[in-house]
file entry-v5.pdb (PDB, C-alpha atoms)
ATOM      1  CA  MET A   1       0.000   0.000   0.000
ATOM      2  CA  THR A   2       2.756   2.389   0.955
ATOM      3  CA  THR A   3       4.577   1.712  -2.301
ATOM      4  CA  VAL A   4       1.416   2.391  -4.298
ATOM      5  CA  VAL A   5       0.928   5.715  -2.548
ATOM      6  CA  GLN A   6       4.617   6.570  -2.928
ATOM      7  CA  SER A   7       4.551   5.755  -6.630
ATOM      8  CA  HIS A   8       1.456   7.902  -7.055
ATOM      9  CA  HIS A   9       2.957  10.785  -5.123
ATOM     10  CA  SER A  10       6.373  10.660  -6.795
ATOM     11  CA  ALA A  11       4.799  10.363 -10.272
ATOM     12  CA  PHE A  12       2.663  13.458  -9.672
ATOM     13  CA  ARG A  13       5.631  15.341  -8.202
ATOM     14  CA  ALA A  14       7.788  14.485 -11.198
ATOM     15  CA  THR A  15       5.182  15.904 -13.594
ATOM     16  CA  ILE A  16       4.580  19.261 -11.847
ATOM     17  CA  PRO A  17       6.955  21.181 -14.181
ATOM     18  CA  VAL A  18       5.223  19.592 -17.175
ATOM     19  CA  MET A  19       1.873  20.731 -15.753
ATOM     20  CA  PHE A  20       3.062  24.350 -15.727
ATOM     21  CA  GLY A  21       4.258  23.876 -19.303
ATOM     22  CA  TYR A  22       1.426  21.860 -20.853
ATOM     23  CA  VAL A  23      -1.618  23.584 -19.316
ATOM     24  CA  PRO A  24      -0.801  27.095 -20.663
ATOM     25  CA  LEU A  25       0.453  25.632 -23.951
ATOM     26  CA  GLY A  26      -2.757  23.594 -24.229
ATOM     27  CA  ILE A  27      -4.804  26.724 -23.493
ATOM     28  CA  ALA A  28      -2.951  28.560 -26.273
ATOM     29  CA  PHE A  29      -3.747  25.692 -28.653
ATOM     30  CA  GLY A  30      -7.416  25.647 -27.584
ATOM     31  CA  VAL A  31      -7.812  29.415 -28.046
ATOM     32  CA  LEU A  32      -6.385  29.256 -31.577
ATOM     33  CA  PHE A  33      -8.433  26.152 -32.354
ATOM     34  CA  ALA A  34     -11.670  27.890 -31.306
ATOM     35  CA  GLU A  35     -10.923  30.624 -33.850
ATOM     36  CA  LEU A  36     -11.340  28.029 -36.621
ATOM     37  CA  GLY A  37     -15.056  27.936 -35.805
ATOM     38  CA  TYR A  38     -15.352  24.295 -34.718
ATOM     39  CA  SER A  39     -16.950  23.140 -31.470
ATOM     40  CA  TRP A  40     -14.596  23.106 -28.464
ATOM     41  CA  PHE A  41     -15.205  19.377 -28.257
ATOM     42  CA  TYR A  42     -12.925  18.738 -31.242
ATOM     43  CA  ALA A  43      -9.976  20.422 -29.531
ATOM     44  CA  THR A  44     -10.412  17.945 -26.676
ATOM     45  CA  LEU A  45     -10.795  15.053 -29.121
ATOM     46  CA  MET A  46      -7.590  16.020 -30.938
ATOM     47  CA  SER A  47      -5.620  16.257 -27.709
ATOM     48  CA  VAL A  48      -6.981  12.883 -26.587
ATOM     49  CA  VAL A  49      -6.326  10.894 -29.778
ATOM     50  CA  VAL A  50      -3.428  12.757 -31.469
ATOM     51  CA  TYR A  51      -1.540  14.233 -28.483
ATOM     52  CA  THR A  52       1.450  15.974 -29.996
ATOM     53  CA  GLY A  53       2.020  19.661 -29.359
ATOM     54  CA  ALA A  54       4.066  20.680 -32.374
ATOM     55  CA  ALA A  55       1.905  18.914 -34.975
ATOM     56  CA  GLN A  56      -1.345  20.121 -33.385
ATOM     57  CA  PHE A  57      -0.171  23.751 -33.588
ATOM     58  CA  MET A  58       1.014  23.151 -37.149
ATOM     59  CA  SER A  59      -2.361  21.689 -38.140
ATOM     60  CA  LEU A  60      -4.167  24.939 -37.199
ATOM     61  CA  GLY A  61      -2.803  26.831 -40.183
ATOM     62  CA  LEU A  62      -3.385  23.915 -42.553
ATOM     63  CA  LEU A  63      -6.965  23.404 -41.288
ATOM     64  CA  ALA A  64      -7.690  27.098 -41.782
ATOM     65  CA  ALA A  65      -6.373  26.833 -45.336
ATOM     66  CA  GLY A  66      -8.457  23.710 -45.942
ATOM     67  CA  ALA A  67      -5.377  21.605 -46.759
ATOM     68  CA  GLY A  68      -5.858  17.945 -47.667
ATOM     69  CA  ALA A  69      -5.929  15.323 -44.924
ATOM     70  CA  ILE A  70      -3.027  13.468 -46.569
ATOM     71  CA  GLU A  71      -0.964  16.657 -46.681
ATOM     72  CA  ILE A  72      -1.637  17.320 -42.983
ATOM     73  CA  GLY A  73      -0.838  13.669 -42.202
ATOM     74  CA  LEU A  74       2.514  13.868 -44.013
ATOM     75  CA  ALA A  75       3.361  17.102 -42.224
ATOM     76  CA  SER A  76       2.601  15.455 -38.842
ATOM     77  CA  LEU A  77       4.736  12.485 -39.832
ATOM     78  CA  LEU A  78       7.704  14.738 -40.628
ATOM     79  CA  LEU A  79       7.293  16.792 -37.455
ATOM     80  CA  ASN A  80       7.271  13.611 -35.374
ATOM     81  CA  VAL A  81      10.105  11.621 -36.990
ATOM     82  CA  ARG A  82      12.275  12.326 -33.925
ATOM     83  CA  HIS A  83      10.095   9.869 -31.965
ATOM     84  CA  LEU A  84      11.876   7.087 -33.888
ATOM     85  CA  PHE A  85      14.920   7.698 -31.684
ATOM     86  CA  TYR A  86      13.001   7.434 -28.426
ATOM     87  CA  GLY A  87      12.097   3.734 -28.580
ATOM     88  CA  PHE A  88      15.710   2.556 -28.184
ATOM     89  CA  SER A  89      15.867   3.366 -24.494
ATOM     90  CA  LEU A  90      12.419   2.133 -23.521
ATOM     91  CA  THR A  91      11.659  -1.205 -25.244
ATOM     92  CA  GLU A  92      12.525  -3.424 -22.282
ATOM     93  CA  ARG A  93      11.168  -1.013 -19.715
ATOM     94  CA  TYR A  94       7.814  -0.663 -21.492
ATOM     95  CA  ALA A  95       7.479  -4.445 -21.942
ATOM     96  CA  ARG A  96       7.080  -4.685 -18.167
ATOM     97  CA  ALA A  97       3.808  -2.726 -18.385
ATOM     98  CA  ARG A  98       2.266  -5.563 -20.483
ATOM     99  CA  ALA A  99      -0.970  -4.273 -22.090
ATOM    100  CA  GLY A 100      -0.282  -0.822 -20.609
ATOM    101  CA  ARG A 101       2.689  -0.461 -22.954
ATOM    102  CA  TRP A 102       0.344   0.474 -25.821
ATOM    103  CA  TYR A 103      -0.692   3.572 -23.902
ATOM    104  CA  LEU A 104       2.909   4.287 -22.872
ATOM    105  CA  ILE A 105       3.988   4.155 -26.524
ATOM    106  CA  PHE A 106       1.028   6.306 -27.622
ATOM    107  CA  GLY A 107       1.801   8.951 -24.977
ATOM    108  CA  LEU A 108       5.545   9.231 -25.604
ATOM    109  CA  THR A 109       6.163  12.985 -25.913
ATOM    110  CA  ASP A 110       9.507  14.809 -25.586
ATOM    111  CA  GLU A 111       8.712  15.693 -21.986
ATOM    112  CA  THR A 112       7.493  12.221 -20.973
ATOM    113  CA  TYR A 113      10.554  10.623 -22.589
ATOM    114  CA  SER A 114      12.789  13.085 -20.742
ATOM    115  CA  LEU A 115      11.173  12.424 -17.350
ATOM    116  CA  LEU A 116      11.161   8.644 -17.741
ATOM    117  CA  THR A 117      14.720   8.216 -19.025
ATOM    118  CA  SER A 118      15.942  10.449 -16.177
ATOM    119  CA  THR A 119      14.083   8.372 -13.557
ATOM    120  CA  PRO A 120      15.389   4.834 -13.229
ATOM    121  CA  THR A 121      12.564   2.681 -11.866
ATOM    122  CA  ARG A 122      11.330  -0.843 -12.469
ATOM    123  CA  ASP A 123       7.776   0.112 -11.538
ATOM    124  CA  PRO A 124       5.548   0.272 -14.644
ATOM    125  CA  SER A 125       2.789   2.037 -12.704
ATOM    126  CA  PHE A 126       5.141   5.031 -12.286
ATOM    127  CA  ASP A 127       5.586   5.181 -16.068
ATOM    128  CA  LEU A 128       1.838   4.884 -16.666
ATOM    129  CA  ARG A 129       1.026   7.617 -14.154
ATOM    130  CA  VAL A 130       3.623  10.047 -15.508
ATOM    131  CA  THR A 131       2.335   9.471 -19.057
ATOM    132  CA  ALA A 132      -1.322   9.863 -18.032
ATOM    133  CA  TYR A 133      -0.744  12.968 -15.885
ATOM    134  CA  ASN A 134       1.133  14.649 -18.718
ATOM    135  CA  GLN A 135      -1.581  13.907 -21.255
ATOM    136  CA  GLY A 136      -4.175  15.019 -18.710
ATOM    137  CA  TYR A 137      -2.503  18.459 -18.440
ATOM    138  CA  TRP A 138      -2.511  18.816 -22.226
ATOM    139  CA  VAL A 139      -6.153  17.728 -22.592
ATOM    140  CA  ILE A 140      -7.333  19.983 -19.734
ATOM    141  CA  GLY A 141      -5.395  22.950 -21.135
ATOM    142  CA  SER A 142      -6.691  22.593 -24.685
ATOM    143  CA  THR A 143     -10.268  22.083 -23.477
ATOM    144  CA  LEU A 144     -10.097  25.168 -21.236
ATOM    145  CA  GLY A 145      -8.649  27.254 -24.051
ATOM    146  CA  ALA A 146     -11.227  26.112 -26.593
ATOM    147  CA  ILE A 147     -14.152  26.790 -24.222
ATOM    148  CA  ALA A 148     -12.991  30.076 -22.731
ATOM    149  CA  GLY A 149     -11.462  31.406 -25.938
ATOM    150  CA  GLY A 150      -9.698  34.700 -25.409
ATOM    151  CA  GLN A 151     -11.474  35.384 -22.104
ATOM    152  CA  LEU A 152      -8.699  33.972 -19.955
ATOM    153  CA  SER A 153      -6.496  36.849 -18.956
ATOM    154  CA  VAL A 154      -3.809  35.559 -16.642
ATOM    155  CA  ASN A 155      -0.427  37.065 -17.384
ATOM    156  CA  THR A 156       1.614  33.997 -18.261
ATOM    157  CA  LEU A 157       4.246  35.861 -20.289
ATOM    158  CA  GLY A 158       7.474  33.905 -19.898
ATOM    159  CA  LEU A 159       5.873  30.822 -18.345
ATOM    160  CA  ASP A 160       6.862  28.818 -21.428
ATOM    161  CA  PHE A 161      10.381  28.899 -19.998
ATOM    162  CA  VAL A 162       9.293  26.150 -17.579
ATOM    163  CA  LEU A 163       9.871  23.460 -20.217
ATOM    164  CA  VAL A 164      13.323  24.874 -21.062
ATOM    165  CA  ALA A 165      14.162  24.737 -17.343
ATOM    166  CA  LEU A 166      12.873  21.153 -17.200
ATOM    167  CA  PHE A 167      15.195  20.111 -20.033
ATOM    168  CA  VAL A 168      18.126  21.936 -18.384
ATOM    169  CA  VAL A 169      17.515  20.129 -15.081
ATOM    170  CA  LEU A 170      17.126  16.736 -16.770
ATOM    171  CA  THR A 171      20.316  17.246 -18.788
ATOM    172  CA  ILE A 172      22.160  17.889 -15.515
ATOM    173  CA  GLU A 173      20.499  14.808 -13.977
ATOM    174  CA  GLN A 174      21.667  12.706 -16.932
ATOM    175  CA  ALA A 175      25.198  14.070 -16.524
ATOM    176  CA  LEU A 176      25.282  13.397 -12.774
ATOM    177  CA  THR A 177      23.963   9.846 -13.220
ATOM    178  CA  LEU A 178      26.059   8.920 -16.250
ATOM    179  CA  ARG A 179      29.353  10.603 -15.266
ATOM    180  CA  GLU A 180      30.638  10.410 -18.850
ATOM    181  CA  ALA A 181      31.358  13.399 -21.046
ATOM    182  CA  HIS A 182      31.254  11.910 -24.527
ATOM    183  CA  PRO A 183      27.456  11.859 -25.131
ATOM    184  CA  PHE A 184      27.319  15.575 -24.326
ATOM    185  CA  ALA A 185      30.303  16.288 -26.567
ATOM    186  CA  ILE A 186      28.626  14.309 -29.367
ATOM    187  CA  ALA A 187      25.371  16.266 -28.840
ATOM    188  CA  LEU A 188      27.136  19.658 -29.006
ATOM    189  CA  PHE A 189      29.171  18.643 -32.036
ATOM    190  CA  SER A 190      26.083  17.294 -33.853
ATOM    191  CA  ALA A 191      24.077  20.428 -33.048
ATOM    192  CA  GLY A 192      26.931  22.551 -34.403
ATOM    193  CA  VAL A 193      27.135  20.596 -37.641
ATOM    194  CA  ALA A 194      23.321  20.597 -38.031
ATOM    195  CA  ALA A 195      23.141  24.350 -37.384
ATOM    196  CA  TRP A 196      25.801  24.890 -40.021
ATOM    197  CA  LEU A 197      24.298  22.618 -42.695
ATOM    198  CA  LEU A 198      20.534  22.831 -42.116
ATOM    199  CA  ASP A 199      17.999  25.510 -41.419
ATOM    200  CA  SER A 200      16.770  26.043 -37.900
ATOM    201  CA  GLU A 201      13.550  24.019 -38.314
ATOM    202  CA  GLN A 202      15.501  20.824 -39.033
ATOM    203  CA  LEU A 203      18.154  21.289 -36.356
ATOM    204  CA  LEU A 204      16.762  18.799 -33.823
ATOM    205  CA  LEU A 205      16.119  15.946 -36.262
ATOM    206  CA  GLY A 206      19.331  16.584 -38.213
ATOM    207  CA  ALA A 207      21.449  16.651 -35.057
ATOM    208  CA  LEU A 208      19.772  13.445 -33.809
ATOM    209  CA  CYS A 209      20.676  11.640 -37.045
ATOM    210  CA  ILE A 210      24.286  12.868 -36.944
ATOM    211  CA  ALA A 211      24.632  11.916 -33.266
ATOM    212  CA  THR A 212      23.225   8.420 -33.908
ATOM    213  CA  VAL A 213      25.719   7.812 -36.723
ATOM    214  CA  ILE A 214      28.613   8.968 -34.489
ATOM    215  CA  LEU A 215      27.376   6.743 -31.633
ATOM    216  CA  LEU A 216      27.142   3.713 -33.916
ATOM    217  CA  VAL A 217      30.581   4.223 -35.469
ATOM    218  CA  ASP A 218      32.178   4.930 -32.088
ATOM    219  CA  GLY A 219      30.400   2.081 -30.305
ATOM    220  CA  ARG A 220      31.228  -0.413 -33.018
ATOM    221  CA  ARG A 221      34.905   0.526 -32.788
ATOM    222  CA  ARG A 222      35.124   0.423 -29.003
ATOM    223  CA  HIS A 223      32.457  -1.854 -27.612
ATOM    224  CA  TRP A 224      31.458  -4.684 -29.876
ATOM    225  CA  PRO A 225      34.213  -5.057 -32.499
ATOM    226  CA  GLN A 226      34.506  -8.814 -32.002
ATOM    227  CA  ARG A 227      30.774  -9.407 -32.398
ATOM    228  CA  SER A 228      30.291  -7.465 -35.598
ATOM    229  CA  THR A 229      30.283  -9.591 -38.714
TER     230      THR A 229
ATOM    231  CA  MET B 230     -17.118  27.068 -42.953
ATOM    232  CA  ALA B 231     -16.403  24.241 -40.613
ATOM    233  CA  SER B 232     -16.980  20.820 -42.164
ATOM    234  CA  GLU B 233     -16.928  18.342 -39.325
ATOM    235  CA  VAL B 234     -16.355  15.329 -41.573
ATOM    236  CA  TYR B 235     -13.192  16.977 -42.909
ATOM    237  CA  LEU B 236     -11.991  17.779 -39.387
ATOM    238  CA  ILE B 237     -12.625  14.239 -38.116
ATOM    239  CA  LEU B 238     -10.793  12.806 -41.129
ATOM    240  CA  VAL B 239      -7.817  15.083 -40.427
ATOM    241  CA  ILE B 240      -7.805  14.093 -36.740
ATOM    242  CA  VAL B 241      -7.850  10.374 -37.634
ATOM    243  CA  VAL B 242      -5.010  10.785 -40.156
ATOM    244  CA  MET B 243      -2.941  12.870 -37.699
ATOM    245  CA  ALA B 244      -3.494  10.307 -34.954
ATOM    246  CA  ALA B 245      -2.357   7.472 -37.239
ATOM    247  CA  ALA B 246       0.698   9.399 -38.461
ATOM    248  CA  THR B 247       1.785  10.387 -34.950
ATOM    249  CA  PHE B 248       1.217   6.962 -33.422
ATOM    250  CA  SER B 249       3.149   5.268 -36.232
ATOM    251  CA  THR B 250       6.260   7.369 -35.468
ATOM    252  CA  ARG B 251       5.968   6.377 -31.823
ATOM    253  CA  ILE B 252       5.381   2.652 -32.309
ATOM    254  CA  LEU B 253       7.737   1.972 -35.232
ATOM    255  CA  PRO B 254      10.958   1.629 -33.172
ATOM    256  CA  PHE B 255       9.202  -0.737 -30.764
ATOM    257  CA  LEU B 256       8.043  -2.940 -33.665
ATOM    258  CA  LEU B 257      11.458  -2.868 -35.363
ATOM    259  CA  LEU B 258      13.494  -3.496 -32.218
ATOM    260  CA  GLY B 259      11.303  -6.447 -31.252
ATOM    261  CA  GLY B 260      13.003  -8.427 -34.003
ATOM    262  CA  VAL B 261      16.562  -7.210 -33.357
ATOM    263  CA  GLY B 262      16.552  -8.448 -29.774
ATOM    264  CA  ARG B 263      19.566  -7.520 -27.706
ATOM    265  CA  HIS B 264      22.088  -6.529 -30.341
ATOM    266  CA  PRO B 265      24.823  -4.508 -28.613
ATOM    267  CA  ALA B 266      24.191  -1.566 -30.935
ATOM    268  CA  VAL B 267      20.600  -1.302 -29.686
ATOM    269  CA  SER B 268      21.547  -1.264 -26.015
ATOM    270  CA  TYR B 269      24.398   1.144 -26.773
ATOM    271  CA  LEU B 270      22.015   3.599 -28.447
ATOM    272  CA  GLY B 271      19.481   3.014 -25.676
ATOM    273  CA  ARG B 272      22.064   3.989 -23.074
ATOM    274  CA  TYR B 273      23.558   7.050 -24.731
ATOM    275  CA  LEU B 274      20.664   8.575 -26.696
ATOM    276  CA  PRO B 275      18.824  10.025 -23.645
ATOM    277  CA  PRO B 276      21.617  12.427 -22.582
ATOM    278  CA  ILE B 277      22.051  13.415 -26.231
ATOM    279  CA  VAL B 278      18.311  13.984 -26.762
ATOM    280  CA  MET B 279      18.136  16.018 -23.547
ATOM    281  CA  THR B 280      21.059  18.258 -24.555
ATOM    282  CA  LEU B 281      19.544  18.711 -28.016
ATOM    283  CA  LEU B 282      16.134  19.613 -26.550
ATOM    284  CA  VAL B 283      17.809  22.379 -24.512
ATOM    285  CA  ILE B 284      19.552  23.686 -27.638
ATOM    286  CA  HIS B 285      16.357  23.297 -29.705
ATOM    287  CA  SER B 286      14.278  25.271 -27.219
ATOM    288  CA  LEU B 287      16.830  28.118 -27.110
ATOM    289  CA  LYS B 288      17.781  28.269 -30.783
ATOM    290  CA  ASP B 289      15.312  31.021 -31.710
ATOM    291  CA  VAL B 290      16.330  33.443 -28.938
ATOM    292  CA  PRO B 291      17.380  36.674 -30.716
ATOM    293  CA  LEU B 292      20.929  37.600 -29.719
ATOM    294  CA  THR B 293      21.547  40.602 -31.943
ATOM    295  CA  GLU B 294      18.770  42.833 -30.571
ATOM    296  CA  ALA B 295      18.029  43.886 -26.977
ATOM    297  CA  PRO B 296      17.931  42.162 -24.530
ATOM    298  CA  HIS B 297      20.493  39.963 -26.344
ATOM    299  CA  GLY B 298      19.245  36.733 -24.776
ATOM    300  CA  LEU B 299      20.153  37.984 -21.288
ATOM    301  CA  PRO B 300      16.893  36.844 -19.601
ATOM    302  CA  HIS B 301      17.355  33.356 -21.054
ATOM    303  CA  ALA B 302      21.010  33.220 -20.030
ATOM    304  CA  ALA B 303      20.256  34.426 -16.489
ATOM    305  CA  ALA B 304      17.353  32.011 -16.013
ATOM    306  CA  VAL B 305      19.203  29.002 -17.477
ATOM    307  CA  GLY B 306      22.204  29.903 -15.306
ATOM    308  CA  LEU B 307      20.128  30.167 -12.131
ATOM    309  CA  THR B 308      18.309  26.880 -12.906
ATOM    310  CA  ALA B 309      21.576  25.031 -13.538
ATOM    311  CA  LEU B 310      23.461  26.447 -10.529
ATOM    312  CA  LEU B 311      20.575  25.799  -8.150
ATOM    313  CA  HIS B 312      20.276  22.269  -9.454
ATOM    314  CA  LEU B 313      23.989  21.525  -9.086
ATOM    315  CA  TRP B 314      23.807  22.934  -5.545
ATOM    316  CA  ARG B 315      20.587  21.443  -4.132
ATOM    317  CA  ARG B 316      19.560  18.882  -6.778
ATOM    318  CA  ASN B 317      15.896  19.670  -6.144
ATOM    319  CA  ALA B 318      14.146  19.690  -9.539
ATOM    320  CA  LEU B 319      11.078  21.681  -8.463
ATOM    321  CA  LEU B 320      13.201  24.323  -6.738
ATOM    322  CA  SER B 321      15.560  24.741  -9.713
ATOM    323  CA  ILE B 322      12.772  24.835 -12.306
ATOM    324  CA  GLY B 323      10.512  27.057 -10.178
ATOM    325  CA  ALA B 324      13.203  29.624  -9.399
ATOM    326  CA  GLY B 325      14.513  29.735 -12.975
ATOM    327  CA  THR B 326      11.018  30.169 -14.421
ATOM    328  CA  PHE B 327      10.080  32.776 -11.807
ATOM    329  CA  LEU B 328      13.203  34.804 -12.628
ATOM    330  CA  PHE B 329      12.499  34.557 -16.353
ATOM    331  CA  MET B 330       8.861  35.635 -15.993
ATOM    332  CA  TRP B 331       9.856  38.514 -13.744
ATOM    333  CA  LEU B 332      12.483  39.713 -16.232
ATOM    334  CA  GLN B 333       9.994  39.447 -19.105
ATOM    335  CA  GLN B 334       7.027  41.028 -17.359
ATOM    336  CA  THR B 335       8.821  43.950 -15.755
ATOM    337  CA  GLY B 336      10.632  44.608 -19.021
ATOM    338  CA  LEU B 337      13.728  45.129 -16.914
ATOM    339  CA  ALA B 338      15.906  43.172 -19.286
ATOM    340  CA  ALA B 339      14.609  45.044 -22.328
ATOM    341  CA  ALA B 340      15.672  48.339 -20.764
ATOM    342  CA  ALA B 341      19.164  47.049 -19.983
TER     343      ALA B 341
END
call {"tool": "encode", "arguments": {"input": "entry-v5.pdb", "output": "structure tokens"}}
result
Amino acid sequence: MTTVVQSHHSAFRATIPVMFGYVPLGIAFGVLFAELGYSWFYATLMSVVVYTGAAQFMSLGLLAAGAGAIEIGLASLLLNVRHLFYGFSLTERYARARAGRWYLIFGLTDETYSLLTSTPTRDPSFDLRVTAYNQGYWVIGSTLGAIAGGQLSVNTLGLDFVLVALFVVLTIEQALTLREAHPFAIALFSAGVAAWLLDSEQLLLGALCIATVILLVDGRRRHWPQRST
Amino acid sequence: MASEVYLILVIVVMAAATFSTRILPFLLLGGVGRHPAVSYLGRYLPPIVMTLLVIHSLKDVPLTEAPHGLPHAAAVGLTALLHLWRRNALLSIGAGTFLFMWLQQTGLAAAA
């Protein structure tokens, strides 16, 4: 019983920064969505079944322009390609959640991935709670925004920094746990190359690809040379 | 203007596209099993992704015009220092965000 309560408490605690990020961001999405003229209900539906911040914001402009569903689908695919890199660290961990892993995989956002990979635990209910809380914040935010429209007037200027701060803290956590410099050096190098070669929109995905190639070449040389055929 | 059939179709297509990017690695890696390359990537990708997400979220901060990214630098600095000192995530994130909002809302940094 104590462990259940602890897991519940620590999962909620871990997601508090995401709450301060997702609720206002969701509200912003809902407000813009309401301007399209659809019922607020569809903003909620989208956040429940699609659940991806960047692509949902992107879809607003395309919906307003009446773009084709295939075109919007392809654009969402491209915006979300970075998710392909997230599975590597979570396959075994998610298998422990049995049927729950389908929801864990569905709800794998940047922020959820960051929280989970920075929190070593063998308790699948922690993973499920973190994922569900985070989606809950997003759904609540977008619903509020779509219903209230522009009537909400809390001054949240600068609150979006909360997700930057979350990533900063989790990067430090990764460094303190790992105690190895080379992944960070690879990340900085890859970001530099991507910034030089690509435009700013493709920096994240480009740098991820470069970093993966470096990791594979480096790992093959140092860690499994005898097993490679 | 709003055709609900069109909107529902778009939502279904977006859901399928997004879910496929999330599930694909899990389907692919199921067959690969425990190849050392997979566990190697699994171990070292998280710190790389985290560093890249920090860079990604700061890449559009304008440096050439006032306030020259100073609020971001101050808030990131405070967050990082507090975290190295106390290692309390809520404290570091709360203080950094509070400082950033204060700098933005008072316009103090813009005047500097």
call {"tool": "resolve_selection", "arguments": {"input": "entry-v5.pdb", "expression": "the PyMOL selection byres ((chain B and resi 333) around 12)", "output": "list in words"}}
result
Asn155, Thr156, Leu157, Gly158, Leu159, Asp160 and Phe161 of chain A; Pro296, Gly298, Leu299, Pro300, His301, Ala303, Ala304, Thr326, Phe327, Leu328, Phe329, Met330, Trp331, Leu332, Gln334, Thr335, Gly336, Leu337, Ala338, Ala339, Ala340 and Ala341 of chain B
call {"tool": "atom_distance", "arguments": {"input": "entry-v5.pdb", "atom1": "CA of Leu320 in chain B", "atom2": "CA of Arg179 in chain A"}}
result
22.8 Å
call {"tool": "atom_distance", "arguments": {"input": "entry-v5.pdb", "atom1": "CA of Ser39 in chain A", "atom2": "CA of Tyr137 in chain A"}}
result
20.0 Å
call {"tool": "axis_aligned_box", "arguments": {"input": "entry-v5.pdb", "around": "range 197-210 of chain A", "padding_each_side": "3 Å", "output": "JSON"}}
result
{"center_x": 18.9, "center_y": 18.8, "center_z": -38.3, "size_x": 16.7, "size_y": 20.4, "size_z": 14.9}
call {"tool": "atom_distance", "arguments": {"input": "entry-v5.pdb", "atom1": "CA of Ser114 in chain A", "atom2": "CA of Gln174 in chain A"}}
result
9.7 Å
call {"tool": "resolve_selection", "arguments": {"input": "entry-v5.pdb", "expression": "the ChimeraX specification (/A :<7) & /B", "output": "NGL selection string"}}
result
:B and (231 or 238-240 or 242-244 or 246-248 or 250-255 or 265-267 or 270-273 or 275-277 or 279-283 or 285-286 or 305 or 308-309 or 312 or 318 or 322 or 325-326 or 329-330 or 333-334)
call {"tool": "closest_residue", "arguments": {"input": "entry-v5.pdb", "among": "A:Asp199, A:Gly149, A:Asn134, A:Arg122", "to": "Gly21 in chain A", "atoms": "only C-alpha atoms"}}
result
A:Asn134
call {"tool": "build_atoms", "arguments": {"input": "entry-v5.pdb", "residues": "range 122-133 of chain A", "atoms": "N, CA, C and O atoms", "output": "PDB file, keeping the file's coordinate frame"}}
result
ATOM      1  N   ARG A 122      11.823   0.381 -11.845  1.00  0.00           N
ATOM      2  CA  ARG A 122      11.330  -0.843 -12.469  1.00  0.00           C
ATOM      3  C   ARG A 122       9.824  -0.958 -12.275  1.00  0.00           C
ATOM      4  O   ARG A 122       9.242  -2.008 -12.490  1.00  0.00           O
ATOM      5  N   ASP A 123       9.191   0.133 -11.864  1.00  0.00           N
ATOM      6  CA  ASP A 123       7.776   0.112 -11.538  1.00  0.00           C
ATOM      7  C   ASP A 123       6.950   0.657 -12.703  1.00  0.00           C
ATOM      8  O   ASP A 123       6.922   1.859 -12.939  1.00  0.00           O
ATOM      9  N   PRO A 124       6.297  -0.209 -13.481  1.00  0.00           N
ATOM     10  CA  PRO A 124       5.548   0.272 -14.644  1.00  0.00           C
ATOM     11  C   PRO A 124       4.417   1.224 -14.279  1.00  0.00           C
ATOM     12  O   PRO A 124       4.013   2.047 -15.115  1.00  0.00           O
ATOM     13  N   SER A 125       3.895   1.131 -13.034  1.00  0.00           N
ATOM     14  CA  SER A 125       2.789   2.037 -12.704  1.00  0.00           C
ATOM     15  C   SER A 125       3.284   3.476 -12.609  1.00  0.00           C
ATOM     16  O   SER A 125       2.526   4.418 -12.856  1.00  0.00           O
ATOM     17  N   PHE A 126       4.575   3.681 -12.269  1.00  0.00           N
ATOM     18  CA  PHE A 126       5.141   5.031 -12.286  1.00  0.00           C
ATOM     19  C   PHE A 126       5.111   5.572 -13.720  1.00  0.00           C
ATOM     20  O   PHE A 126       4.667   6.701 -13.958  1.00  0.00           O
ATOM     21  N   ASP A 127       5.555   4.759 -14.668  1.00  0.00           N
ATOM     22  CA  ASP A 127       5.586   5.181 -16.068  1.00  0.00           C
ATOM     23  C   ASP A 127       4.188   5.516 -16.571  1.00  0.00           C
ATOM     24  O   ASP A 127       3.979   6.531 -17.252  1.00  0.00           O
ATOM     25  N   LEU A 128       3.214   4.659 -16.219  1.00  0.00           N
ATOM     26  CA  LEU A 128       1.838   4.884 -16.666  1.00  0.00           C
ATOM     27  C   LEU A 128       1.276   6.170 -16.073  1.00  0.00           C
ATOM     28  O   LEU A 128       0.611   6.945 -16.762  1.00  0.00           O
ATOM     29  N   ARG A 129       1.564   6.408 -14.797  1.00  0.00           N
ATOM     30  CA  ARG A 129       1.026   7.617 -14.154  1.00  0.00           C
ATOM     31  C   ARG A 129       1.642   8.874 -14.756  1.00  0.00           C
ATOM     32  O   ARG A 129       0.934   9.841 -15.043  1.00  0.00           O
ATOM     33  N   VAL A 130       2.961   8.871 -14.930  1.00  0.00           N
ATOM     34  CA  VAL A 130       3.623  10.047 -15.508  1.00  0.00           C
ATOM     35  C   VAL A 130       3.023  10.339 -16.888  1.00  0.00           C
ATOM     36  O   VAL A 130       2.670  11.486 -17.200  1.00  0.00           O
ATOM     37  N   THR A 131       2.871   9.297 -17.707  1.00  0.00           N
ATOM     38  CA  THR A 131       2.335   9.471 -19.057  1.00  0.00           C
ATOM     39  C   THR A 131       0.905  10.016 -19.001  1.00  0.00           C
ATOM     40  O   THR A 131       0.545  10.953 -19.722  1.00  0.00           O
ATOM     41  N   ALA A 132       0.082   9.448 -18.113  1.00  0.00           N
ATOM     42  CA  ALA A 132      -1.322   9.863 -18.032  1.00  0.00           C
ATOM     43  C   ALA A 132      -1.466  11.278 -17.466  1.00  0.00           C
ATOM     44  O   ALA A 132      -2.272  12.068 -17.963  1.00  0.00           O
ATOM     45  N   TYR A 133      -0.691  11.603 -16.424  1.00  0.00           N
ATOM     46  CA  TYR A 133      -0.744  12.968 -15.885  1.00  0.00           C
ATOM     47  C   TYR A 133      -0.392  13.975 -16.983  1.00  0.00           C
ATOM     48  O   TYR A 133      -1.092  14.972 -17.170  1.00  0.00           O
TER      49      TYR A 133
END
